[in-house]
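Let me begin by presenting the structure, written as structure tokens, before commenting on it.
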Amino acid sequence: MAAAEAAVVSSSPLETDTALVPETAGTAAATAATSSATAAARVSKAALATKLLSLSGVFAVHKPKGPTSAELLNRLKEKLLAEAGMPSPEWTKRKKQTLKIGHGGTLDSAARGVLVVGIGRGTKMLTSMLSGSKRYIAIGELGKATDTLDSTGKVTEEKPYDKITQEDIEGILQKFTGNIMQVPPLYSALKKDGQRLSTLMKRGEVVEAKPARPVTVYSLSLQKFQPPFFTLDVECGGGFYIRSLVSDIGKELSSCANVLELTRTKQGPFTLEEHALPEDKWTIDDIAQSLERCSSLLPAELALKKSKPEESNEQVLSCEYITLSETKGEDDVIKTS
């Protein structure tokens, strides 16, 4: 019995050792596979980072209601950085290169539509987007005026509108077509002493309206009238405010009005239906393809030369925002932070 017990005891470590061999080999194989996959992932991320840094040109994204243009730009930047795995610890001691990204023309947070974005050397082309033509579909509401001139503000005045007809509206639109003078809204990106008027207004500070300035409306038509709502199709130049237009139309009709909904359907050659990338297409590859397609839409004088090939992929990414104010003259500036 003792001999049998001894045999069992002595065989146990042998069985255990034998059992450990395939287990150890399996673990080693799994570790090797993991290491190989990790290395491949690093190579893939490095290639994506290099491709991201090489992107240069102008494209368009679809801005939804809610975020400001700056917030949307930040969201786009974060998605691109995450996809490229940048910045990552293994790149910290290597050559630094800046990714420049910006937008050419602010859209109100309550508005949706085309937002033109410049990346790389394309940021230098954004100023032309400010002065270029834009097209909007605006739904106005008669009978109510707000402090922001749109539905997000506080109602400041109410007036009757029941006697206003479609013919009345169509009859006054010619007054707002062509080269006209327009007073910009108090809630805007225009500045006083280095601060936005909208910021000063939200603080409760007294703000004087900016003087009327020249703007251009290329076309203006009434698409639909279902009191108190009316829908306008507007094509205009840079520095034009749809909110001011709708408010002025209300006053011209001896009533008042504010913007209920606003959609930018076109900016320069970029249209909402054909060119604006939805958020699920905000990837490095999709943007590269869009840049290629959109390059043919730009005037010859704005076409970018081919980018020089990258010297290496040993670069670390930092971000630079370039945001253009939707203004004219001295307010047309590129801001970097």
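Labeling convention for the structure tokens: chains A, B, ... as they appear, residues from 1 per chain, ligands from 1 in order of appearance.
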For Leu149 of chain A, please output as an MDAnalysis selection string all residues within 12 Å (counting only C-alpha atoms; exclusion window: fewer than 3 positions along the same chain). chainID A and resid 108 110 140:142 144:146 152:157 184:188 241:250 256:262
Which polymer residues have any atom within 8 Å of an atom of Tyr218 of chain A, counting only C-alpha atoms, with same-chain residues fewer than 5 positions away left out, as a list in words?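 Counting only C-alpha atoms, the residues come to Thr177, Gly178, Val234, Glu235, Cys236 and Gly237 of chain A.
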Please return as a list of chain:residue names: the residues of segment 246-295 of chain A that backbone DSSP assigns to strand (DSSP E or B). A:Ala257, A:Asn258, A:Val259, A:Leu260, A:Glu261, A:Leu262, A:Thr263, A:Arg264, A:Thr265, A:Lys266, A:Gln267, A:Phe270, A:Thr271, A:Ala276, A:Leu277
Got a sec: who's within 7 Å of Leu232 of chain A, counting only C-alpha atoms, leaving out chain neighbours fewer than 6 positions off, as an MDAnalysis selection string? chainID A and resid 137:139 220:223
Expected file: the selected residues, N, CA and C atoms, as an mmCIF file, in the first residue's frame:
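Below is the file that was written, again_10.cif:
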```
data_model
loop_
_atom_site.group_PDB
_atom_site.id
_atom_site.type_symbol
_atom_site.label_atom_id
_atom_site.label_comp_id
_atom_site.auth_asym_id
_atom_site.auth_seq_id
_atom_site.Cartn_x
_atom_site.Cartn_y
_atom_site.Cartn_z
ATOM 1 N N ILE A 137 -31.721 78.017 -46.723
ATOM 2 C CA ILE A 137 -33.168 77.887 -46.631
ATOM 3 C C ILE A 137 -33.525 78.300 -45.208
ATOM 4 N N ALA A 138 -34.327 79.347 -45.090
ATOM 5 C CA ALA A 138 -34.680 79.877 -43.773
ATOM 6 C C ALA A 138 -36.188 79.845 -43.580
ATOM 7 N N ILE A 139 -36.612 79.380 -42.424
ATOM 8 C CA ILE A 139 -38.025 79.422 -42.059
ATOM 9 C C ILE A 139 -38.199 80.509 -41.007
ATOM 10 N N LEU A 220 -33.272 86.096 -53.840
ATOM 11 C CA LEU A 220 -34.139 85.966 -52.669
ATOM 12 C C LEU A 220 -35.546 85.656 -53.150
ATOM 13 N N SER A 221 -36.086 84.534 -52.698
ATOM 14 C CA SER A 221 -37.429 84.156 -53.136
ATOM 15 C C SER A 221 -38.205 83.512 -51.990
ATOM 16 N N LEU A 222 -39.521 83.651 -52.061
ATOM 17 C CA LEU A 222 -40.417 83.032 -51.093
ATOM 18 C C LEU A 222 -40.805 81.653 -51.605
ATOM 19 N N GLN A 223 -40.491 80.618 -50.831
ATOM 20 C CA GLN A 223 -40.774 79.246 -51.235
ATOM 21 C C GLN A 223 -42.134 78.759 -50.729
#
```
Running DSSP on the backbone, which parts of segment 123-298 of chain A land in helix (DSSP H, G or I), as a VMD selection string? chain A and resid 123 to 131 166 to 176 197 to 202 242 to 252 279 to 281 284 to 297
Can you tell me, as a PDB file with N, CA, C and O atoms, in the first residue's frame, what residues are no more than 9 Å from segment 289-295 of chain A when counting only C-alpha atoms, ignoring any on the same chain fewer than 5 positions away?
```pdb
ATOM      1  N   LEU A  55      -2.551  65.351 -45.173  1.00  0.00           N
ATOM      2  CA  LEU A  55      -3.794  65.879 -45.733  1.00  0.00           C
ATOM      3  C   LEU A  55      -3.703  67.391 -45.908  1.00  0.00           C
ATOM      4  O   LEU A  55      -3.277  68.110 -45.009  1.00  0.00           O
ATOM      5  N   SER A  56      -4.121  67.876 -47.054  1.00  0.00           N
ATOM      6  CA  SER A  56      -4.041  69.313 -47.321  1.00  0.00           C
ATOM      7  C   SER A  56      -5.094  69.697 -48.350  1.00  0.00           C
ATOM      8  O   SER A  56      -5.161  69.110 -49.434  1.00  0.00           O
ATOM      9  N   GLY A  57      -5.932  70.656 -47.998  1.00  0.00           N
ATOM     10  CA  GLY A  57      -6.963  71.097 -48.921  1.00  0.00           C
ATOM     11  C   GLY A  57      -8.206  71.560 -48.200  1.00  0.00           C
ATOM     12  O   GLY A  57      -8.177  71.863 -47.001  1.00  0.00           O
ATOM     13  N   VAL A  58      -9.306  71.606 -48.921  1.00  0.00           N
ATOM     14  CA  VAL A  58     -10.580  72.090 -48.396  1.00  0.00           C
ATOM     15  C   VAL A  58     -11.665  71.063 -48.692  1.00  0.00           C
ATOM     16  O   VAL A  58     -11.731  70.517 -49.798  1.00  0.00           O
ATOM     17  N   PHE A  59     -12.497  70.794 -47.694  1.00  0.00           N
ATOM     18  CA  PHE A  59     -13.630  69.881 -47.874  1.00  0.00           C
ATOM     19  C   PHE A  59     -14.799  70.412 -47.049  1.00  0.00           C
ATOM     20  O   PHE A  59     -14.710  71.478 -46.438  1.00  0.00           O
ATOM     21  N   ALA A  60     -15.914  69.704 -47.035  1.00  0.00           N
ATOM     22  CA  ALA A  60     -17.098  70.176 -46.315  1.00  0.00           C
ATOM     23  C   ALA A  60     -17.647  69.084 -45.418  1.00  0.00           C
ATOM     24  O   ALA A  60     -17.574  67.893 -45.750  1.00  0.00           O
ATOM     25  N   PRO A 269     -18.539  76.310 -53.820  1.00  0.00           N
ATOM     26  CA  PRO A 269     -18.948  75.207 -54.701  1.00  0.00           C
ATOM     27  C   PRO A 269     -19.465  73.985 -53.947  1.00  0.00           C
ATOM     28  O   PRO A 269     -19.870  73.001 -54.567  1.00  0.00           O
ATOM     29  N   PHE A 270     -19.447  74.025 -52.611  1.00  0.00           N
ATOM     30  CA  PHE A 270     -19.805  72.851 -51.811  1.00  0.00           C
ATOM     31  C   PHE A 270     -21.297  72.848 -51.470  1.00  0.00           C
ATOM     32  O   PHE A 270     -21.806  73.812 -50.887  1.00  0.00           O
ATOM     33  N   HIS A 275     -21.605  67.177 -51.161  1.00  0.00           N
ATOM     34  CA  HIS A 275     -20.231  67.259 -50.664  1.00  0.00           C
ATOM     35  C   HIS A 275     -20.049  67.213 -49.147  1.00  0.00           C
ATOM     36  O   HIS A 275     -18.946  66.906 -48.678  1.00  0.00           O
ATOM     37  N   LEU A 277     -19.750  65.922 -45.638  1.00  0.00           N
ATOM     38  CA  LEU A 277     -19.568  64.615 -45.014  1.00  0.00           C
ATOM     39  C   LEU A 277     -20.336  64.522 -43.694  1.00  0.00           C
ATOM     40  O   LEU A 277     -20.142  65.359 -42.806  1.00  0.00           O
ATOM     41  N   ILE A 284      -9.980  59.424 -41.736  1.00  0.00           N
ATOM     42  CA  ILE A 284      -8.835  59.903 -42.511  1.00  0.00           C
ATOM     43  C   ILE A 284      -8.989  59.523 -43.982  1.00  0.00           C
ATOM     44  O   ILE A 284      -8.770  60.349 -44.872  1.00  0.00           O
ATOM     45  N   ALA A 303      -6.154  76.411 -56.345  1.00  0.00           N
ATOM     46  CA  ALA A 303      -5.756  75.003 -56.339  1.00  0.00           C
ATOM     47  C   ALA A 303      -4.426  74.830 -55.636  1.00  0.00           C
ATOM     48  O   ALA A 303      -3.495  75.610 -55.818  1.00  0.00           O
ATOM     49  N   LEU A 304      -4.353  73.810 -54.821  1.00  0.00           N
ATOM     50  CA  LEU A 304      -3.126  73.554 -54.082  1.00  0.00           C
ATOM     51  C   LEU A 304      -2.153  72.749 -54.926  1.00  0.00           C
ATOM     52  O   LEU A 304      -2.547  71.859 -55.670  1.00  0.00           O
TER      53      LEU A 304
END
```
Using atom CA of Phe176 of chain A and atom CA of Lys251 of chain A as the two end points, give the distance in Å to one decimal.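 Going from atom CA of Phe176 of chain A over to atom CA of Lys251 of chain A, I get 12.4 Å.
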Report, in Å with one decimal, the straight-line distance from atom CA of Leu173 of chain A to atom CA of Arg135 of chain A.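 We find that atom CA of Leu173 of chain A and atom CA of Arg135 of chain A lie 16.0 Å from each other.
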Contacts of Lys45 of chain A at 8 Å or less, counting only C-alpha atoms, minus same-chain residues fewer than 5 places along, as an mmCIF file with N, CA, C and O atoms, in the first residue's frame?
```cif
data_model
loop_
_atom_site.group_PDB
_atom_site.id
_atom_site.type_symbol
_atom_site.label_atom_id
_atom_site.label_comp_id
_atom_site.auth_asym_id
_atom_site.auth_seq_id
_atom_site.Cartn_x
_atom_site.Cartn_y
_atom_site.Cartn_z
ATOM 1 N N GLU A 83 -8.330 58.153 -34.301
ATOM 2 C CA GLU A 83 -8.127 57.155 -35.348
ATOM 3 C C GLU A 83 -6.641 56.928 -35.625
ATOM 4 O O GLU A 83 -6.197 55.801 -35.853
ATOM 5 N N ALA A 84 -5.870 58.026 -35.581
ATOM 6 C CA ALA A 84 -4.436 57.925 -35.867
ATOM 7 C C ALA A 84 -3.619 57.521 -34.645
ATOM 8 O O ALA A 84 -2.409 57.338 -34.747
ATOM 9 N N GLY A 85 -4.286 57.401 -33.484
ATOM 10 C CA GLY A 85 -3.579 57.036 -32.263
ATOM 11 C C GLY A 85 -2.602 58.102 -31.827
ATOM 12 O O GLY A 85 -1.535 57.812 -31.293
#
```
So that I can see what lies close to segment 278-280 of chain A, please list as a list in words the residues with an atom at most 8 Å from it, counting only C-alpha atoms and leaving out residues fewer than 3 positions away in the same chain.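 So the residues in contact are Val61, His62, Lys63 and Thr283 of chain A.
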Could you save the residues just selected, with all heavy atoms, as an mmCIF file, in the first residue's frame?
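And here's out26.cif as it stands now:
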```cif
data_model
loop_
_atom_site.group_PDB
_atom_site.id
_atom_site.type_symbol
_atom_site.label_atom_id
_atom_site.label_comp_id
_atom_site.auth_asym_id
_atom_site.auth_seq_id
_atom_site.Cartn_x
_atom_site.Cartn_y
_atom_site.Cartn_z
ATOM 1 N N VAL A 61 -18.176 69.489 -44.275
ATOM 2 C CA VAL A 61 -18.845 68.560 -43.364
ATOM 3 C C VAL A 61 -20.270 69.037 -43.129
ATOM 4 O O VAL A 61 -20.601 70.200 -43.384
ATOM 5 C CB VAL A 61 -18.102 68.437 -42.010
ATOM 6 C CG1 VAL A 61 -16.706 67.876 -42.204
ATOM 7 C CG2 VAL A 61 -18.063 69.786 -41.276
ATOM 8 N N HIS A 62 -21.108 68.131 -42.641
ATOM 9 C CA HIS A 62 -22.491 68.453 -42.322
ATOM 10 C C HIS A 62 -22.573 68.804 -40.847
ATOM 11 O O HIS A 62 -22.365 67.963 -39.988
ATOM 12 C CB HIS A 62 -23.396 67.269 -42.649
ATOM 13 C CG HIS A 62 -24.851 67.547 -42.406
ATOM 14 N ND1 HIS A 62 -25.840 66.611 -42.608
ATOM 15 C CD2 HIS A 62 -25.497 68.658 -41.960
ATOM 16 C CE1 HIS A 62 -27.021 67.135 -42.306
ATOM 17 N NE2 HIS A 62 -26.825 68.373 -41.904
ATOM 18 N N LYS A 63 -22.861 70.064 -40.558
ATOM 19 C CA LYS A 63 -23.026 70.491 -39.176
ATOM 20 C C LYS A 63 -24.482 70.318 -38.765
ATOM 21 O O LYS A 63 -25.384 70.871 -39.397
ATOM 22 C CB LYS A 63 -22.619 71.960 -38.999
ATOM 23 C CG LYS A 63 -22.841 72.462 -37.579
ATOM 24 C CD LYS A 63 -22.851 73.978 -37.521
ATOM 25 C CE LYS A 63 -23.334 74.489 -36.184
ATOM 26 N NZ LYS A 63 -24.676 74.031 -35.779
ATOM 27 N N THR A 283 -13.472 60.174 -41.247
ATOM 28 C CA THR A 283 -12.311 59.308 -41.103
ATOM 29 C C THR A 283 -11.195 59.844 -42.006
ATOM 30 O O THR A 283 -11.448 60.612 -42.942
ATOM 31 C CB THR A 283 -12.621 57.864 -41.505
ATOM 32 O OG1 THR A 283 -12.861 57.808 -42.931
ATOM 33 C CG2 THR A 283 -13.841 57.344 -40.755
#
```
How many Å lie between atom CA of Pro211 of chain A and atom CA of Thr231 of chain A, rounded to one decimal? 27.5 Å
Which one of A:Glu252, A:Glu71, A:Asp147, A:Glu78 sits closest to Gln174 of chain A if you count only C-alpha atoms? A:Glu252
